[in-house]
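Participant: Pasting in a structure now, in structure tokens, and then I'll have a few things to ask.
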Amino acid sequence: MNLLLSFAILIHFSTHFYGNCIPDNVQLGSQTTLVVPGLYILGFVGRAFILETSQPVPNFRVGLTVEAVEGKYVCSFDVFLGDFKVWSSSHLSRFFTSEKCVLGLTWDGDLQLTGRDDELGWRTATYGQGIQRLQLSNTGNLVLVDELNMIKWQSFHFPTNVMLWGQRLDVGTILTSLPTNDSNSYFSFEIQRKKLVLFLNSGTFKYSYWEFNPEKPVEISFVRLASNGLQIFNDESHKIAQIPSKRLQLLRFLAVENTTGNLGLYYYSTKTMKLEASFRALRNKCDEPNFCAADEICTVSNKCSCLEIKGYSRNFCRNSRVEMMEIRGAVSILRDVNRKIVNGTRESCADSCIDDCTCVGALFTSGNSECYLYEELRGVKEGGAGGRNGAGDGGRGLGDVSFMVKVLKGGKGGKTLKKWVLVLIVVGDGLVLFVCLGGIGFYMLRRRKKETNNN
């Protein structure tokens, strides 16, 4: 308790402002210092706000933060909308430090984060450009400006997993989530020439799991978040498509969720006093790329079950006697962009996986004659392709989808495999149907008995 109290006092006196008065800019030579605890405190977060906008709640605020992460302390410079972090200097690379965390705007105009012994952890590299001050705009854009108020550096040019209202992202821009808790995998939202795409990035794998294709085959130049949706523009700055919000309230930001990989448009609800989603790209849990683990299947009840297939192995490179077995009524929501084959057939797709000993599964779509090979079974779900056929598909369906798994040849896996999938669905979802029908039947019997007694 004494440690936390002394820490709070040191924050107060090192930030050069008192009470509730927070300045509207940071001048050259200014420094803000947070003391880092000597002992590691699980869950510890210390923060000093140095800038804020004068908008109604929720407004934007800028703070210097010390946070306990993985046995160490991270020093970062962050922008918040209310309590939601919309930008951070530590998003792509964390600055671990001890003793102190210092934010300073040097006399030659370089904004820096430093730690013990003046170790440099992050900088804008804007020295010698005539910088005069640091400001926070009403759109949440953190800017360094010169004496003519010309912007020399801005946080909008270094997006994280969030896109704010009014912000423009050019083609080629990528929003990235933080790495997931159990691995180094992360999600990304990419603005490409022909479409907008969500990816799961895991090691050497890069899987797409959601796409937005404008109805007309045009080239995308940039996107901008407006009050009523995400607007898409061509090279002539003409709006060609939009992902609409489903609420009348002003949109505040777009975000790629760090834990699920879902893409959402968010507004501030005056009823709940919270930031809430008005649009989500993925409509159910089975469309989330990491909802089920590898070698699991997600049913229509949004439950994960082991994909136990006779003759299946994660490594077939030591056994050439293999064949492909189709799992009826199943599909993978993931597409490995590096393992894609076009203009083929279902048979040639199966042969391609058989000939590649690292391949354990394949997916073929007859609508566009595309074949995808997999080195791991992940993102498998019962039913169709989910979010990939959502708004913006332009009517271009995938046609028949065949999901195939490699198994040892000559086993008894064929009929057992198909039967296992059907039993899984019937037992999992049929039980729910049985309970519902039983409840309705019981209610009708009681009602009929009651009417008989009244008569």
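We label chains A, B, ... in the order they appear in the structure tokens, count residues from 1 in each chain, and number ligands from 1 in the order shown.
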What are the nearest atom pairs, with distances in Å to one decimal, for all residues of stretch 172-235 of chain A that come at most 10 Å from stretch 92-114 of chain A, using only C-alpha atoms, set out by chain and rising residue number as a tab-separated table?
Facilitator:
residue	atom	partner	partner_atom	distance
A:Thr176	CA	A:Leu92	CA	8.6
A:Ser177	CA	A:Leu92	CA	9.1
A:Leu178	CA	A:Leu92	CA	7.7
A:Pro179	CA	A:Leu92	CA	9.5
Participant: If we count only C-alpha atoms and set the cut-off at 6 Å, which residues sit around A:Val407, ignoring sequence neighbours fewer than 6 positions away in its own chain? Please answer as a PyMOL selection string.
Facilitator: chain A and resi 311-312+322-323
Participant: Once you have the residues from the selection above, write them out as a PDB file, in the first residue's frame, restricted to all heavy atoms.
Facilitator:
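What landed in selection-v4.pdb:
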ATOM      1  N   GLY A 311      -7.096 -42.909 -39.304  1.00  0.00           N
ATOM      2  CA  GLY A 311      -6.112 -42.814 -40.366  1.00  0.00           C
ATOM      3  C   GLY A 311      -5.514 -41.441 -40.538  1.00  0.00           C
ATOM      4  O   GLY A 311      -4.634 -41.240 -41.374  1.00  0.00           O
ATOM      5  N   TYR A 312      -5.968 -40.455 -39.734  1.00  0.00           N
ATOM      6  CA  TYR A 312      -5.440 -39.095 -39.868  1.00  0.00           C
ATOM      7  C   TYR A 312      -4.180 -38.934 -39.026  1.00  0.00           C
ATOM      8  O   TYR A 312      -4.060 -39.478 -37.928  1.00  0.00           O
ATOM      9  CB  TYR A 312      -6.485 -38.067 -39.439  1.00  0.00           C
ATOM     10  CG  TYR A 312      -5.920 -36.681 -39.274  1.00  0.00           C
ATOM     11  CD1 TYR A 312      -5.565 -35.930 -40.389  1.00  0.00           C
ATOM     12  CD2 TYR A 312      -5.726 -36.126 -38.010  1.00  0.00           C
ATOM     13  CE1 TYR A 312      -5.028 -34.658 -40.251  1.00  0.00           C
ATOM     14  CE2 TYR A 312      -5.197 -34.860 -37.857  1.00  0.00           C
ATOM     15  CZ  TYR A 312      -4.850 -34.131 -38.977  1.00  0.00           C
ATOM     16  OH  TYR A 312      -4.313 -32.875 -38.836  1.00  0.00           O
ATOM     17  N   VAL A 322      -1.557 -42.961 -48.960  1.00  0.00           N
ATOM     18  CA  VAL A 322      -2.578 -42.054 -48.423  1.00  0.00           C
ATOM     19  C   VAL A 322      -3.667 -41.824 -49.458  1.00  0.00           C
ATOM     20  O   VAL A 322      -3.481 -42.075 -50.655  1.00  0.00           O
ATOM     21  CB  VAL A 322      -1.965 -40.698 -48.004  1.00  0.00           C
ATOM     22  CG1 VAL A 322      -0.988 -40.871 -46.855  1.00  0.00           C
ATOM     23  CG2 VAL A 322      -1.283 -40.031 -49.197  1.00  0.00           C
ATOM     24  N   GLU A 323      -4.794 -41.318 -48.990  1.00  0.00           N
ATOM     25  CA  GLU A 323      -5.909 -40.936 -49.862  1.00  0.00           C
ATOM     26  C   GLU A 323      -6.663 -39.798 -49.202  1.00  0.00           C
ATOM     27  O   GLU A 323      -6.467 -39.513 -48.014  1.00  0.00           O
ATOM     28  CB  GLU A 323      -6.836 -42.136 -50.099  1.00  0.00           C
ATOM     29  CG  GLU A 323      -7.462 -42.699 -48.836  1.00  0.00           C
ATOM     30  CD  GLU A 323      -8.294 -43.946 -49.116  1.00  0.00           C
ATOM     31  OE1 GLU A 323      -8.521 -44.232 -50.295  1.00  0.00           O
ATOM     32  OE2 GLU A 323      -8.707 -44.606 -48.153  1.00  0.00           O
TER      33      GLU A 323
END
Participant: Find the residues near stretch 62-79 of chain A: any atom within 9 Å, counting only C-alpha atoms, skip ones fewer than 6 places away on the same chain, and give them as a PyMOL selection string.
Facilitator: chain A and resi 32-37+40-52+85-91+94-98+100-103+113-115+121-122+136+140-142
Participant: Measuring atom to atom with only C-alpha atoms, identify which of A:Ala362, A:Leu175, A:Leu169, A:Ile354 is nearest to A:Leu408.
Facilitator: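 Looking at the shortest contact to A:Leu408, the residue is A:Ile354.
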Participant: May I have all residues of stretch 121-352 of chain A that DSSP, computed from the backbone, assigns to alpha helix (DSSP H), given as a list in words?
Facilitator: Arg346, Glu347, Ser348, Cys349, Ala350, Asp351 and Ser352 of chain A
Participant: Quick one: of A:Leu248, A:Leu230, A:Val162, A:Ile191, who's nearest to A:Leu81, counting only C-alpha atoms?
Facilitator: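 Counting only C-alpha atoms, the residue closest to A:Leu81 is A:Val162.
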Participant: Write out as a list in words each polymer residue whose atoms come within 7 Å of A:Glu147, counting only C-alpha atoms; drop sequence neighbours fewer than 2 positions from it.
Facilitator: Gln132, Val145 and Asn149 of chain A
Participant: Give me the residues within 8 Å of A:Cys349 as a list in words, counting only C-alpha atoms and dropping any in the same chain fewer than 2 places off.
Facilitator: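 Neighbouring residues, sequence-local ones excluded: Ile341, Gly344, Thr345, Arg346, Glu347, Asp351, Ser352, Cys353, Ala362, Leu363, Phe364, Cys371 and Tyr372 of chain A.
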Participant: Could those residues be written to a file, using C-alpha atoms, as an mmCIF file, in the first residue's frame?
Facilitator:
data_model
loop_
_atom_site.group_PDB
_atom_site.id
_atom_site.type_symbol
_atom_site.label_atom_id
_atom_site.label_comp_id
_atom_site.auth_asym_id
_atom_site.auth_seq_id
_atom_site.Cartn_x
_atom_site.Cartn_y
_atom_site.Cartn_z
ATOM 1 C CA ILE A 341 -4.425 -23.293 -56.677
ATOM 2 C CA GLY A 344 -8.623 -26.866 -61.168
ATOM 3 C CA THR A 345 -11.092 -29.597 -60.310
ATOM 4 C CA ARG A 346 -12.015 -31.401 -57.121
ATOM 5 C CA GLU A 347 -9.931 -34.381 -58.225
ATOM 6 C CA ASP A 351 -4.191 -35.024 -55.956
ATOM 7 C CA SER A 352 -2.260 -31.857 -55.100
ATOM 8 C CA CYS A 353 -2.673 -32.566 -51.384
ATOM 9 C CA ALA A 362 -7.770 -29.452 -48.810
ATOM 10 C CA LEU A 363 -10.814 -27.343 -49.646
ATOM 11 C CA PHE A 364 -12.268 -26.987 -53.152
ATOM 12 C CA CYS A 371 -8.286 -25.134 -54.220
ATOM 13 C CA TYR A 372 -6.710 -24.407 -50.835
#
Participant: From the set A:Glu376, A:Glu370, A:Asp400, A:Asp83, which residue has the shortest atom-to-atom contact distance to A:Thr358, counting only C-alpha atoms?
Facilitator: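 Once distances to A:Thr358 are computed over only C-alpha atoms, the minimum belongs to A:Glu376.
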Participant: Return as a PyMOL selection string the full set of residues in stretch 112-337 of chain A whose backbone-based DSSP assignment is strand (DSSP E).
Facilitator: chain A and resi 112-114+120-123+131-136+142-146+151-154+162-164+168-170+174-176+186-191+196-202+205-212+222-226+229-233+239-244+251-256+263-269+274-280+296-298+304-306+322-326+330-332+335-336
Participant: Looking at A:Ser369, A:Leu198, A:Asn59, A:Lys381, which one is nearest to A:Ser305, with distances taken over only C-alpha atoms?
Facilitator: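 Of A:Ser369, A:Leu198, A:Asn59, A:Lys381, the one nearest A:Ser305, counting only C-alpha atoms, is A:Lys381.
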Participant: Quick one: pull the distance between atom CA of A:Glu326 and atom CA of A:Asn201, Å, one decimal.
Facilitator: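 Answer for the atom CA of A:Glu326 to atom CA of A:Asn201 separation: 26.4 Å.
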